[in-house]
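input13.tsv follows; it contains TSV, C-alpha atoms and all ligand atoms.
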chain	number	residue	atom	x	y	z
S	1	MET	CA	0.00	0.00	0.00
S	2	ALA	CA	1.23	3.48	-0.77
S	3	ARG	CA	2.64	5.38	2.15
S	4	SER	CA	1.94	9.08	2.00
S	5	ALA	CA	3.97	12.19	2.61
S	6	GLY	CA	2.90	11.75	6.21
S	7	ALA	CA	5.85	9.37	6.58
S	8	VAL	CA	8.21	12.23	5.85
S	9	GLY	CA	9.55	13.80	8.99
S	10	SER	CA	8.87	10.74	11.12
S	11	PRO	CA	11.52	9.66	13.65
S	12	GLU	CA	12.15	6.73	11.32
S	13	ARG	CA	13.58	9.12	8.79
S	14	ASN	CA	17.20	8.84	9.64
S	15	ARG	CA	17.16	5.28	10.87
S	16	LEU	CA	20.40	4.50	9.07
S	17	GLY	CA	22.06	7.52	10.58
S	18	ALA	CA	22.65	9.03	7.17
S	19	MET	CA	20.83	11.38	4.89
S	20	ALA	CA	18.40	9.78	2.50
S	21	ILE	CA	18.64	9.45	-1.24
S	22	CYS	CA	15.44	10.43	-3.05
S	23	VAL	CA	14.53	8.45	-6.16
S	24	THR	CA	11.75	9.88	-8.34
S	25	GLY	CA	10.08	7.17	-10.40
S	26	GLY	CA	11.44	4.62	-7.93
S	27	ALA	CA	8.39	2.38	-8.33
S	28	GLY	CA	9.00	1.95	-12.07
S	29	TYR	CA	11.08	-0.58	-13.97
S	30	ILE	CA	14.47	1.16	-13.86
S	31	GLY	CA	13.80	3.10	-10.66
S	32	ALA	CA	13.01	-0.03	-8.66
S	33	HIS	CA	16.41	-1.48	-9.61
S	34	VAL	CA	18.14	1.71	-8.44
S	35	VAL	CA	16.15	1.62	-5.19
S	36	ARG	CA	17.03	-2.00	-4.52
S	37	LEU	CA	20.75	-1.46	-5.11
S	38	LEU	CA	20.76	1.65	-2.93
S	39	GLU	CA	18.99	-0.18	-0.11
S	40	ARG	CA	21.39	-3.10	-0.36
S	41	ALA	CA	24.28	-0.63	-0.10
S	42	GLY	CA	22.78	0.58	3.21
S	43	HIS	CA	21.24	3.85	2.04
S	44	GLN	CA	17.98	5.14	3.32
S	45	VAL	CA	15.79	5.66	0.26
S	46	ARG	CA	12.73	7.78	-0.27
S	47	VAL	CA	10.71	7.21	-3.43
S	48	ILE	CA	8.58	9.86	-5.08
S	49	ASP	CA	6.26	8.31	-7.65
S	50	ASP	CA	2.74	9.05	-8.87
S	51	LEU	CA	2.15	5.30	-9.37
S	52	SER	CA	0.66	5.97	-12.81
S	53	TYR	CA	2.86	3.16	-14.11
S	54	GLY	CA	4.89	2.29	-11.04
S	55	ASP	CA	3.96	-0.34	-8.51
S	56	ALA	CA	4.19	0.30	-4.75
S	57	ALA	CA	5.13	-3.36	-4.23
S	58	ARG	CA	8.44	-2.73	-6.03
S	59	VAL	CA	9.92	-0.19	-3.63
S	60	GLY	CA	10.74	-2.59	-0.80
S	61	GLN	CA	11.40	-0.90	2.53
S	62	ALA	CA	11.77	2.56	1.02
S	63	GLU	CA	9.41	5.31	2.06
S	64	LEU	CA	6.96	6.08	-0.72
S	65	VAL	CA	5.57	9.54	-1.31
S	66	GLN	CA	2.81	9.37	-3.91
S	67	LEU	CA	2.97	12.62	-5.81
S	68	ASP	CA	2.82	13.93	-9.37
S	69	LEU	CA	5.98	15.98	-9.91
S	70	ALA	CA	4.38	17.91	-12.75
S	71	ASP	CA	1.57	19.19	-10.52
S	72	THR	CA	2.72	22.63	-9.40
S	73	ALA	CA	0.08	22.66	-6.65
S	74	GLU	CA	2.09	19.83	-5.05
S	75	LEU	CA	5.28	21.89	-4.73
S	76	PRO	CA	4.98	22.31	-0.93
S	77	ARG	CA	4.60	18.52	-0.50
S	78	LEU	CA	7.46	17.94	-2.92
S	79	GLN	CA	9.70	20.27	-0.96
S	80	ALA	CA	8.72	18.54	2.29
S	81	ALA	CA	9.50	15.17	0.72
S	82	LEU	CA	13.08	16.33	0.09
S	83	ASP	CA	13.66	17.18	3.74
S	84	GLY	CA	16.61	15.16	4.97
S	85	CYS	CA	17.71	14.10	1.48
S	86	ARG	CA	21.30	14.43	0.34
S	87	ALA	CA	20.78	13.73	-3.34
S	88	VAL	CA	18.06	13.07	-5.88
S	89	VAL	CA	18.02	10.46	-8.63
S	90	HIS	CA	15.40	11.74	-11.08
S	91	ILE	CA	13.96	8.90	-13.14
S	92	ALA	CA	10.25	9.77	-13.15
S	93	GLY	CA	8.98	10.71	-16.60
S	94	ARG	CA	6.95	9.73	-19.60
S	95	LYS	CA	8.92	7.62	-22.08
S	96	GLN	CA	6.77	6.60	-25.01
S	97	VAL	CA	8.01	8.12	-28.24
S	98	GLY	CA	4.75	7.61	-30.17
S	99	GLU	CA	2.66	9.07	-27.38
S	100	SER	CA	4.98	12.08	-27.26
S	101	VAL	CA	4.37	12.73	-30.95
S	102	GLU	CA	0.61	12.64	-30.37
S	103	ARG	CA	0.60	14.69	-27.15
S	104	PRO	CA	3.66	16.98	-27.35
S	105	ALA	CA	2.43	19.68	-24.96
S	106	TRP	CA	1.56	17.07	-22.37
S	107	TYR	CA	5.03	15.52	-22.71
S	108	TYR	CA	6.65	18.89	-22.11
S	109	GLN	CA	4.32	19.51	-19.18
S	110	GLN	CA	5.16	16.14	-17.65
S	111	ASN	CA	8.88	15.81	-18.34
S	112	VAL	CA	9.99	19.44	-18.47
S	113	GLY	CA	7.43	20.68	-15.92
S	114	GLY	CA	8.30	17.80	-13.58
S	115	MET	CA	12.00	18.64	-13.79
S	116	ALA	CA	11.34	22.36	-13.24
S	117	ASN	CA	9.26	21.65	-10.13
S	118	LEU	CA	11.86	19.26	-8.82
S	119	LEU	CA	14.64	21.83	-9.23
S	120	LEU	CA	12.53	24.54	-7.54
S	121	ALA	CA	11.93	22.20	-4.60
S	122	MET	CA	15.57	21.10	-4.43
S	123	ARG	CA	16.80	24.68	-4.38
S	124	ALA	CA	14.28	25.66	-1.71
S	125	GLN	CA	15.25	22.64	0.40
S	126	GLY	CA	18.99	23.05	-0.14
S	127	VAL	CA	19.44	19.69	-1.89
S	128	ASP	CA	22.18	20.23	-4.45
S	129	ARG	CA	23.05	16.86	-5.99
S	130	LEU	CA	21.13	15.38	-8.91
S	131	VAL	CA	21.49	12.37	-11.18
S	132	PHE	CA	19.11	12.72	-14.13
S	133	SER	CA	17.84	9.92	-16.39
S	134	SER	CA	18.34	11.23	-19.85
S	135	SER	CA	18.20	9.21	-23.03
S	136	ALA	CA	20.00	8.40	-26.25
S	137	ALA	CA	16.86	9.91	-27.79
S	138	VAL	CA	18.61	13.30	-27.41
S	139	TYR	CA	20.83	12.28	-30.37
S	140	GLY	CA	17.97	11.74	-32.84
S	141	GLU	CA	19.28	10.16	-36.04
S	142	PRO	CA	23.03	10.74	-35.86
S	143	LYS	CA	25.21	10.38	-38.94
S	144	THR	CA	27.72	8.19	-37.13
S	145	GLY	CA	26.64	4.87	-35.65
S	146	GLN	CA	28.62	5.24	-32.43
S	147	VAL	CA	27.77	8.54	-30.79
S	148	ARG	CA	29.96	10.63	-28.52
S	149	GLU	CA	28.44	12.92	-25.92
S	150	ASP	CA	29.69	16.08	-27.60
S	151	ILE	CA	28.05	15.67	-31.03
S	152	ASP	CA	25.23	17.99	-32.04
S	153	LEU	CA	22.05	17.03	-30.22
S	154	ARG	CA	19.11	16.90	-32.59
S	155	PRO	CA	16.25	14.91	-31.08
S	156	ILE	CA	13.56	13.98	-33.57
S	157	ASN	CA	10.52	13.66	-31.32
S	158	PRO	CA	9.01	15.49	-28.32
S	159	TYR	CA	10.15	12.72	-25.95
S	160	GLY	CA	13.80	13.27	-26.90
S	161	GLU	CA	13.30	17.03	-26.86
S	162	SER	CA	11.85	16.91	-23.36
S	163	LYS	CA	14.91	14.97	-22.17
S	164	LEU	CA	17.23	17.48	-23.81
S	165	VAL	CA	15.44	20.40	-22.16
S	166	GLY	CA	15.76	18.50	-18.86
S	167	GLU	CA	19.53	18.37	-19.43
S	168	TRP	CA	19.57	22.11	-20.11
S	169	LEU	CA	17.70	22.75	-16.87
S	170	VAL	CA	20.33	20.76	-14.96
S	171	ARG	CA	23.08	22.80	-16.63
S	172	ASP	CA	21.33	26.09	-15.94
S	173	ALA	CA	20.68	25.25	-12.30
S	174	ALA	CA	24.36	24.36	-11.97
S	175	ARG	CA	25.25	27.83	-13.24
S	176	ALA	CA	22.55	29.67	-11.28
S	177	TRP	CA	22.79	28.20	-7.82
S	178	GLY	CA	25.49	25.58	-7.71
S	179	LEU	CA	23.52	22.40	-8.38
S	180	ARG	CA	25.88	19.46	-8.98
S	181	GLY	CA	24.30	17.44	-11.75
S	182	VAL	CA	24.98	14.43	-13.94
S	183	ASN	CA	22.89	13.54	-16.98
S	184	LEU	CA	22.96	9.84	-17.82
S	185	ARG	CA	21.94	9.09	-21.40
S	186	TYR	CA	20.55	5.58	-21.42
S	187	PHE	CA	20.78	3.46	-24.53
S	188	ASN	CA	18.45	0.42	-24.92
S	189	VAL	CA	17.71	-0.74	-21.40
S	190	ALA	CA	16.55	-4.34	-20.96
S	191	GLY	CA	16.78	-7.35	-18.65
S	192	ALA	CA	15.92	-7.76	-14.98
S	193	GLY	CA	18.11	-7.89	-11.89
S	194	TRP	CA	15.49	-9.85	-9.98
S	195	GLU	CA	12.56	-11.85	-11.26
S	196	ASP	CA	10.06	-9.55	-9.57
S	197	LEU	CA	11.51	-6.46	-11.24
S	198	GLY	CA	11.08	-7.29	-14.93
S	199	ASP	CA	9.89	-4.62	-17.34
S	200	PRO	CA	6.09	-4.75	-17.04
S	201	ALA	CA	5.54	-2.67	-20.19
S	202	VAL	CA	5.45	-4.13	-23.68
S	203	LEU	CA	7.02	-1.21	-25.50
S	204	ASN	CA	10.52	-2.34	-26.45
S	205	LEU	CA	12.00	-5.12	-28.55
S	206	ILE	CA	12.51	-7.92	-26.00
S	207	PRO	CA	9.12	-7.60	-24.25
S	208	MET	CA	7.47	-7.25	-27.66
S	209	VAL	CA	9.11	-10.48	-28.85
S	210	LEU	CA	8.00	-12.25	-25.66
S	211	GLN	CA	4.47	-10.88	-26.02
S	212	ARG	CA	4.26	-12.23	-29.58
S	213	LEU	CA	5.47	-15.64	-28.41
S	214	TYR	CA	2.88	-15.57	-25.61
S	215	ASP	CA	0.23	-14.78	-28.23
S	216	ARG	CA	1.53	-17.73	-30.30
S	217	ARG	CA	2.65	-15.42	-33.08
S	218	ARG	CA	6.04	-15.08	-34.71
S	219	PRO	CA	8.25	-12.19	-33.52
S	220	ALA	CA	8.30	-9.22	-35.86
S	221	VAL	CA	11.35	-7.60	-37.45
S	222	PHE	CA	10.51	-4.04	-38.42
S	223	GLY	CA	12.47	-3.79	-41.65
S	224	ASP	CA	15.34	-5.97	-42.91
S	225	ASP	CA	16.67	-3.66	-45.63
S	226	TYR	CA	18.70	-1.28	-43.49
S	227	PRO	CA	22.37	-0.64	-44.34
S	228	THR	CA	23.58	-2.96	-41.56
S	229	PRO	CA	25.30	-6.38	-41.69
S	230	ASP	CA	22.06	-8.42	-41.55
S	231	GLY	CA	19.72	-5.65	-42.73
S	232	THR	CA	18.05	-5.12	-39.34
S	233	CYS	CA	18.57	-2.18	-36.99
S	234	VAL	CA	21.51	-2.23	-34.60
S	235	ARG	CA	21.23	-0.97	-31.02
S	236	ASP	CA	23.31	-0.83	-27.84
S	237	TYR	CA	21.41	-3.05	-25.37
S	238	ILE	CA	22.36	-2.52	-21.76
S	239	HIS	CA	21.32	-4.53	-18.72
S	240	VAL	CA	19.14	-2.63	-16.26
S	241	VAL	CA	21.48	-3.65	-13.40
S	242	ASP	CA	24.38	-2.01	-15.22
S	243	ILE	CA	22.21	1.10	-15.57
S	244	ALA	CA	21.40	1.02	-11.84
S	245	THR	CA	25.05	0.53	-10.92
S	246	ALA	CA	25.98	3.56	-13.03
S	247	HIS	CA	23.59	5.66	-10.92
S	248	MET	CA	25.32	4.56	-7.72
S	249	ILE	CA	28.69	5.49	-9.18
S	250	ALA	CA	27.36	8.79	-10.52
S	251	MET	CA	26.31	9.75	-7.00
S	252	ASP	CA	29.73	8.90	-5.71
S	253	TYR	CA	31.22	11.02	-8.50
S	254	LEU	CA	29.10	13.99	-7.43
S	255	GLU	CA	30.69	13.75	-3.99
S	256	ARG	CA	34.26	13.81	-5.25
S	257	ASP	CA	34.41	15.67	-8.57
S	258	SER	CA	34.32	19.44	-8.85
S	259	ARG	CA	32.76	19.67	-12.31
S	260	PRO	CA	29.34	21.24	-11.83
S	261	PHE	CA	27.59	19.47	-14.68
S	262	ASP	CA	28.23	16.74	-17.22
S	263	ALA	CA	26.53	14.18	-19.46
S	264	PHE	CA	27.51	10.56	-20.01
S	265	ASN	CA	26.35	7.80	-22.30
S	266	ILE	CA	25.40	4.63	-20.45
S	267	GLY	CA	25.77	1.83	-22.92
S	268	THR	CA	28.13	-1.00	-23.74
S	269	GLY	CA	29.78	0.47	-26.83
S	270	ALA	CA	28.74	-2.65	-28.78
S	271	GLY	CA	25.92	-3.10	-31.25
S	272	THR	CA	23.44	-5.96	-31.61
S	273	SER	CA	20.96	-6.37	-34.46
S	274	VAL	CA	17.25	-7.06	-34.07
S	275	ARG	CA	17.80	-10.49	-35.62
S	276	GLN	CA	20.57	-11.29	-33.12
S	277	VAL	CA	18.32	-10.35	-30.20
S	278	ILE	CA	15.48	-12.52	-31.52
S	279	GLU	CA	17.88	-15.44	-32.05
S	280	MET	CA	19.10	-15.07	-28.48
S	281	VAL	CA	15.51	-15.23	-27.23
S	282	GLY	CA	15.25	-18.54	-29.09
S	283	GLU	CA	18.46	-19.83	-27.50
S	284	VAL	CA	17.55	-19.03	-23.91
S	285	SER	CA	13.89	-20.04	-24.18
S	286	GLY	CA	14.28	-23.10	-26.38
S	287	LEU	CA	11.40	-21.78	-28.49
S	288	ASP	CA	11.26	-21.34	-32.23
S	289	THR	CA	11.66	-17.59	-32.66
S	290	ALA	CA	12.00	-17.44	-36.46
S	291	PRO	CA	10.62	-13.95	-37.17
S	292	VAL	CA	8.39	-12.44	-39.80
S	293	VAL	CA	9.56	-9.29	-41.57
S	294	GLU	CA	7.19	-6.36	-41.29
S	295	PRO	CA	7.54	-2.84	-42.73
S	296	ARG	CA	10.02	-0.38	-41.28
S	297	ARG	CA	8.83	1.68	-38.33
S	298	ALA	CA	9.01	5.43	-38.87
S	299	GLY	CA	11.92	7.21	-37.25
S	300	ASP	CA	14.16	4.20	-36.52
S	301	PRO	CA	17.84	5.09	-37.12
S	302	PRO	CA	19.72	2.12	-38.66
S	303	VAL	CA	22.45	2.12	-36.00
S	304	LEU	CA	22.61	3.72	-32.54
S	305	ILE	CA	25.49	2.77	-30.26
S	306	GLY	CA	26.99	4.74	-27.39
S	307	ALA	CA	30.64	5.69	-27.28
S	308	VAL	CA	31.44	4.81	-23.69
S	309	ASP	CA	35.04	5.91	-23.16
S	310	ARG	CA	33.91	9.02	-21.27
S	311	ILE	CA	31.95	7.16	-18.60
S	312	GLU	CA	34.50	4.36	-18.41
S	313	GLN	CA	37.34	6.78	-17.84
S	314	THR	CA	35.55	9.22	-15.53
S	315	PHE	CA	33.57	6.76	-13.40
S	316	GLU	CA	35.79	3.71	-13.84
S	317	TRP	CA	32.48	2.01	-14.68
S	318	LYS	CA	31.96	-0.59	-17.37
S	319	ALA	CA	28.87	-2.60	-18.28
S	320	GLN	CA	29.24	-6.15	-16.91
S	321	HIS	CA	26.35	-7.96	-18.59
S	322	ASP	CA	26.31	-9.35	-22.11
S	323	LEU	CA	23.36	-9.95	-24.45
S	324	ARG	CA	22.81	-13.48	-23.15
S	325	SER	CA	22.51	-12.21	-19.59
S	326	ILE	CA	20.09	-9.47	-20.70
S	327	VAL	CA	17.85	-11.84	-22.63
S	328	ASP	CA	18.08	-14.68	-20.10
S	329	SER	CA	17.05	-12.40	-17.20
S	330	SER	CA	14.22	-10.90	-19.29
S	331	TRP	CA	12.98	-14.40	-20.07
S	332	ARG	CA	13.11	-15.54	-16.42
S	333	ALA	CA	11.29	-12.43	-15.19
S	334	TRP	CA	8.67	-12.82	-17.90
S	335	GLN	CA	8.11	-16.46	-16.96
S	336	ALA	CA	7.78	-15.50	-13.28
S	337	GLY	CA	5.00	-13.06	-14.20
S	338	PRO	CA	1.36	-13.39	-15.18
S	339	LYS	CA	1.93	-14.18	-18.88
S	340	ARG	CA	4.01	-17.35	-18.57
S	341	ILE	CA	4.73	-18.88	-21.99
S	342	VAL	CA	4.00	-22.60	-21.96
S	401	LIG	C1	14.70	-1.57	-30.99
S	401	LIG	C2	14.76	-2.05	-32.42
S	401	LIG	C3	12.81	-1.54	-33.73
S	401	LIG	C4	10.04	-4.32	-31.70
S	401	LIG	C5	13.31	3.35	-27.91
S	401	LIG	C6	13.21	4.84	-27.77
S	401	LIG	C7	14.40	5.34	-27.03
S	401	LIG	C8	14.53	4.64	-25.70
S	401	LIG	C9	14.52	3.16	-25.86
S	401	LIG	C10	13.55	5.31	-23.67
S	401	LIG	C11	14.21	-1.05	-33.43
S	401	LIG	C12	13.01	-3.03	-33.58
S	401	LIG	C13	11.13	-3.55	-32.08
S	401	LIG	C14	9.65	-5.40	-32.54
S	401	LIG	C15	11.44	-4.85	-34.05
S	401	LIG	N1	13.43	5.02	-24.87
S	401	LIG	N2	11.81	-3.81	-33.23
S	401	LIG	N3	10.37	-5.63	-33.67
S	401	LIG	O1	13.41	2.36	-30.80
S	401	LIG	O2	15.79	1.71	-30.29
S	401	LIG	O3	14.47	3.02	-28.66
S	401	LIG	O4	13.40	2.76	-26.63
S	401	LIG	O5	13.37	5.62	-22.72
S	401	LIG	O6	14.25	6.69	-26.85
S	401	LIG	O7	13.18	5.41	-29.06
S	401	LIG	O8	13.94	0.65	-28.98
S	401	LIG	O9	13.14	-1.54	-28.29
S	401	LIG	O10	11.55	0.01	-29.50
S	401	LIG	O11	13.41	-1.04	-30.76
S	401	LIG	O12	12.03	-5.09	-35.10
S	401	LIG	O13	8.68	-6.12	-32.26
S	401	LIG	O14	13.91	-3.20	-32.52
S	401	LIG	O15	12.34	-1.21	-35.00
S	401	LIG	O16	15.00	-1.13	-34.58
S	401	LIG	P1	14.41	1.97	-29.82
S	401	LIG	P2	12.93	-0.49	-29.32
As structure tokens:
Amino acid sequence: MARSAGAVGSPERNRLGAMAICVTGGAGYIGAHVVRLLERAGHQVRVIDDLSYGDAARVGQAELVQLDLADTAELPRLQAALDGCRAVVHIAGRKQVGESVERPAWYYQQNVGGMANLLLAMRAQGVDRLVFSSSAAVYGEPKTGQVREDIDLRPINPYGESKLVGEWLVRDAARAWGLRGVNLRYFNVAGAGWEDLGDPAVLNLIPMVLQRLYDRRRPAVFGDDYPTPDGTCVRDYIHVVDIATAHMIAMDYLERDSRPFDAFNIGTGAGTSVRQVIEMVGEVSGLDTAPVVEPRRAGDPPVLIGAVDRIEQTFEWKAQHDLRSIVDSSWRAWQAGPKRIV
């Protein structure tokens, strides 16, 4: 059951004798992994989540403040929820590209408005460390397959634009009042660290393949005539536990580095094609995953891979999980859920 802002300020607050870490979106797929790792590292964690997609059962022992960041009327509660927090990991946001094209103003209101409210509350409460979930969507359709952080950022949809504006807000707050911020640009996040924390949404390749298998249909390949080795799109798939670990290290970096603001790709630096992913699903599940080819999906760049030397050198962080581990953990989490494939 959701615990309300009433929990904030209770004597329980500092039970670990340290200041809390606040995770917005901590009841969602990626956020819940960050929360679990933080708790296992001994941090006190406070989750802010509107539970529109998140699930209160995923936050473990963390305090949960149910609140819509984009609702300006909630600013006083948001500020109160940051009392006693040392840093914020900001993951809450809308993330469906197609929906963002249909409802651009709402995406800006949610993602940009949510970030603006969060920064207002952080400044008022004196919380000056922020790790922000950005996205490879800020790159749009880059000319080079492997993208470095310093290329021109040209997002091609309102979702990517809203993430880019979020990055600008972090930069501007750093200049204006000394916020210490890190923008983490996720590539294609997949997998599960625990069977109860699988991705519940069917919006990305691996869950979509599993959904088709559940429906006793063949997986779909959206276009096989791209200029890539096997004709299907190539992406940088990264395990959600590697993503969560990067957040822990980013927080540590904020404690020790003097740069006020920076952005880092979180990927593996390696590319995998749609066909290779679907074949791996066949290997780990033992199912026949021979796909059908369907038309290209609008707006898919042929290749998108993160250059990762910057994060590897600065954070001494490197992704640990390979494609098999990503697909195998996705499969196990799926099979532990309500749509078991038999
Ligand atoms: C991967 C590839 C599809 C389903 C999106 C967002 C991005 C980020 C991550 C974040 C593409 C192909 C898919 C299927 C297929 N969002 N595909 N058959 O598009 O790289 O990135 O999610 O928060 O901003 O744009 O990820 O998983 O949707 O697709 O062939 O059934 O798989 O065409 O080439 P994408 P994806």
- [ ] Extract, using only C-alpha atoms, all DNA, RNA and protein residues at most 9 Å from segment 117-130 of chain S, discarding same-chain residues fewer than 4 positions from it, and format them as a ChimeraX atom specification.
- [x] /S:69-72,74-76,78-80,82-90,112-113,169-170,173-174,177-183,251,254-255
Within 9 Å of ligand LIG 401 (chain S): each chain S residue with its shortest pair, all atoms listed in the file, as JSON lines:
{"residue": "S:Arg94", "atom": "CA", "partner": "S:LIG401", "partner_atom": "O5", "distance": 8.2}
{"residue": "S:Lys95", "atom": "CA", "partner": "S:LIG401", "partner_atom": "O5", "distance": 4.9}
{"residue": "S:Gln96", "atom": "CA", "partner": "S:LIG401", "partner_atom": "N1", "distance": 6.8}
{"residue": "S:Val97", "atom": "CA", "partner": "S:LIG401", "partner_atom": "O7", "distance": 5.9}
{"residue": "S:Gly98", "atom": "CA", "partner": "S:LIG401", "partner_atom": "O7", "distance": 8.8}
{"residue": "S:Ser133", "atom": "CA", "partner": "S:LIG401", "partner_atom": "O5", "distance": 8.9}
{"residue": "S:Ser134", "atom": "CA", "partner": "S:LIG401", "partner_atom": "O5", "distance": 8.0}
{"residue": "S:Ser135", "atom": "CA", "partner": "S:LIG401", "partner_atom": "O5", "distance": 6.0}
{"residue": "S:Ala136", "atom": "CA", "partner": "S:LIG401", "partner_atom": "O6", "distance": 6.0}
{"residue": "S:Ala137", "atom": "CA", "partner": "S:LIG401", "partner_atom": "O6", "distance": 4.3}
{"residue": "S:Val138", "atom": "CA", "partner": "S:LIG401", "partner_atom": "O6", "distance": 7.9}
{"residue": "S:Gly140", "atom": "CA", "partner": "S:LIG401", "partner_atom": "O6", "distance": 8.7}
{"residue": "S:Asn157", "atom": "CA", "partner": "S:LIG401", "partner_atom": "O7", "distance": 9.0}
{"residue": "S:Tyr159", "atom": "CA", "partner": "S:LIG401", "partner_atom": "O6", "distance": 7.3}
{"residue": "S:Gly160", "atom": "CA", "partner": "S:LIG401", "partner_atom": "O6", "distance": 6.6}
{"residue": "S:Tyr186", "atom": "CA", "partner": "S:LIG401", "partner_atom": "O5", "distance": 7.3}
{"residue": "S:Phe187", "atom": "CA", "partner": "S:LIG401", "partner_atom": "C9", "distance": 6.4}
{"residue": "S:Asn188", "atom": "CA", "partner": "S:LIG401", "partner_atom": "C9", "distance": 4.9}
{"residue": "S:Val189", "atom": "CA", "partner": "S:LIG401", "partner_atom": "C9", "distance": 6.7}
{"residue": "S:Ala190", "atom": "CA", "partner": "S:LIG401", "partner_atom": "O9", "distance": 8.6}
{"residue": "S:Leu203", "atom": "CA", "partner": "S:LIG401", "partner_atom": "O10", "distance": 6.2}
{"residue": "S:Asn204", "atom": "CA", "partner": "S:LIG401", "partner_atom": "O9", "distance": 3.3}
{"residue": "S:Leu205", "atom": "CA", "partner": "S:LIG401", "partner_atom": "O9", "distance": 3.8}
{"residue": "S:Ile206", "atom": "CA", "partner": "S:LIG401", "partner_atom": "O9", "distance": 6.8}
{"residue": "S:Pro207", "atom": "CA", "partner": "S:LIG401", "partner_atom": "O13", "distance": 8.2}
{"residue": "S:Met208", "atom": "CA", "partner": "S:LIG401", "partner_atom": "O13", "distance": 4.9}
{"residue": "S:Val209", "atom": "CA", "partner": "S:LIG401", "partner_atom": "O13", "distance": 5.6}
{"residue": "S:Gln211", "atom": "CA", "partner": "S:LIG401", "partner_atom": "O13", "distance": 8.9}
{"residue": "S:Arg212", "atom": "CA", "partner": "S:LIG401", "partner_atom": "O13", "distance": 8.0}
{"residue": "S:Pro219", "atom": "CA", "partner": "S:LIG401", "partner_atom": "O13", "distance": 6.2}
{"residue": "S:Ala220", "atom": "CA", "partner": "S:LIG401", "partner_atom": "N3", "distance": 4.7}
{"residue": "S:Val221", "atom": "CA", "partner": "S:LIG401", "partner_atom": "O12", "distance": 3.5}
{"residue": "S:Phe222", "atom": "CA", "partner": "S:LIG401", "partner_atom": "O12", "distance": 3.8}
{"residue": "S:Gly223", "atom": "CA", "partner": "S:LIG401", "partner_atom": "O12", "distance": 6.7}
{"residue": "S:Asp224", "atom": "CA", "partner": "S:LIG401", "partner_atom": "O12", "distance": 8.5}
{"residue": "S:Thr232", "atom": "CA", "partner": "S:LIG401", "partner_atom": "O16", "distance": 6.9}
{"residue": "S:Cys233", "atom": "CA", "partner": "S:LIG401", "partner_atom": "O16", "distance": 4.4}
{"residue": "S:Val234", "atom": "CA", "partner": "S:LIG401", "partner_atom": "O16", "distance": 6.6}
{"residue": "S:Arg235", "atom": "CA", "partner": "S:LIG401", "partner_atom": "O2", "distance": 6.1}
{"residue": "S:Asp236", "atom": "CA", "partner": "S:LIG401", "partner_atom": "O2", "distance": 8.3}
{"residue": "S:Tyr237", "atom": "CA", "partner": "S:LIG401", "partner_atom": "O2", "distance": 8.9}
{"residue": "S:Ser273", "atom": "CA", "partner": "S:LIG401", "partner_atom": "C2", "distance": 7.8}
{"residue": "S:Val274", "atom": "CA", "partner": "S:LIG401", "partner_atom": "O14", "distance": 5.3}
{"residue": "S:Arg275", "atom": "CA", "partner": "S:LIG401", "partner_atom": "O12", "distance": 7.9}
{"residue": "S:Val277", "atom": "CA", "partner": "S:LIG401", "partner_atom": "O14", "distance": 8.7}
{"residue": "S:Ile278", "atom": "CA", "partner": "S:LIG401", "partner_atom": "N3", "distance": 8.8}
{"residue": "S:Val293", "atom": "CA", "partner": "S:LIG401", "partner_atom": "O12", "distance": 8.1}
{"residue": "S:Glu294", "atom": "CA", "partner": "S:LIG401", "partner_atom": "O12", "distance": 8.0}
{"residue": "S:Arg296", "atom": "CA", "partner": "S:LIG401", "partner_atom": "O15", "distance": 6.7}
{"residue": "S:Arg297", "atom": "CA", "partner": "S:LIG401", "partner_atom": "O15", "distance": 5.6}
{"residue": "S:Ala298", "atom": "CA", "partner": "S:LIG401", "partner_atom": "O15", "distance": 8.4}
{"residue": "S:Gly299", "atom": "CA", "partner": "S:LIG401", "partner_atom": "O1", "distance": 8.2}
{"residue": "S:Asp300", "atom": "CA", "partner": "S:LIG401", "partner_atom": "O16", "distance": 5.7}
{"residue": "S:Pro301", "atom": "CA", "partner": "S:LIG401", "partner_atom": "O16", "distance": 7.3}
{"residue": "S:Pro302", "atom": "CA", "partner": "S:LIG401", "partner_atom": "O16", "distance": 7.0}
{"residue": "S:Val303", "atom": "CA", "partner": "S:LIG401", "partner_atom": "O16", "distance": 8.3}
{"residue": "S:Leu304", "atom": "CA", "partner": "S:LIG401", "partner_atom": "O2", "distance": 7.5}
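One distance worth recording is that between atom CA of Gly193 of chain S and atom CA of Arg148 of chain S, which is 27.6 Å.
Note that atom CA of Ala263 of chain S and atom CA of Phe315 of chain S are 11.9 Å apart.
Coordinates place atom CA of Lys143 of chain S at a distance of 13.3 Å from atom CA of Ile156 of chain S.
Using all atoms listed in the file, the nearest neighbour of Ile326 of chain S within the list S:Leu287, S:Met280, S:Val292, S:Leu64 is S:Met280.
Distances from S:Ser100, S:Ser52, S:Gln320, S:Gln276 to Ile238 of chain S were compared using only C-alpha atoms, and the smallest one belongs to S:Gln320.
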Given 6 Å of margin on each side, can you work out the centre and size in Å (one decimal) of an axis-aligned box holding every listed atom of segment 227-246 of chain S, as JSON?
{"center_x": 22.0, "center_y": -2.4, "center_z": -27.6, "size_x": 19.9, "size_y": 24.0, "size_z": 45.4}
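The nearest approach to Leu213 of chain S among the residues S:Thr289, S:Gln44, S:Thr24, S:Gln61, with all atoms listed in the file taken into account, belongs to S:Thr289.
Using only C-alpha atoms, the shortest contact distance between Val240 of chain S and any of S:Ile91, S:Leu67, S:Cys22, S:Ala319 is found at S:Ala319.
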TODO: Find the residue from S:Pro104, S:Pro142, S:Pro200, S:Gly231 that sits nearest to Gly337 of chain S; use only C-alpha atoms when measuring.
DONE: S:Pro200
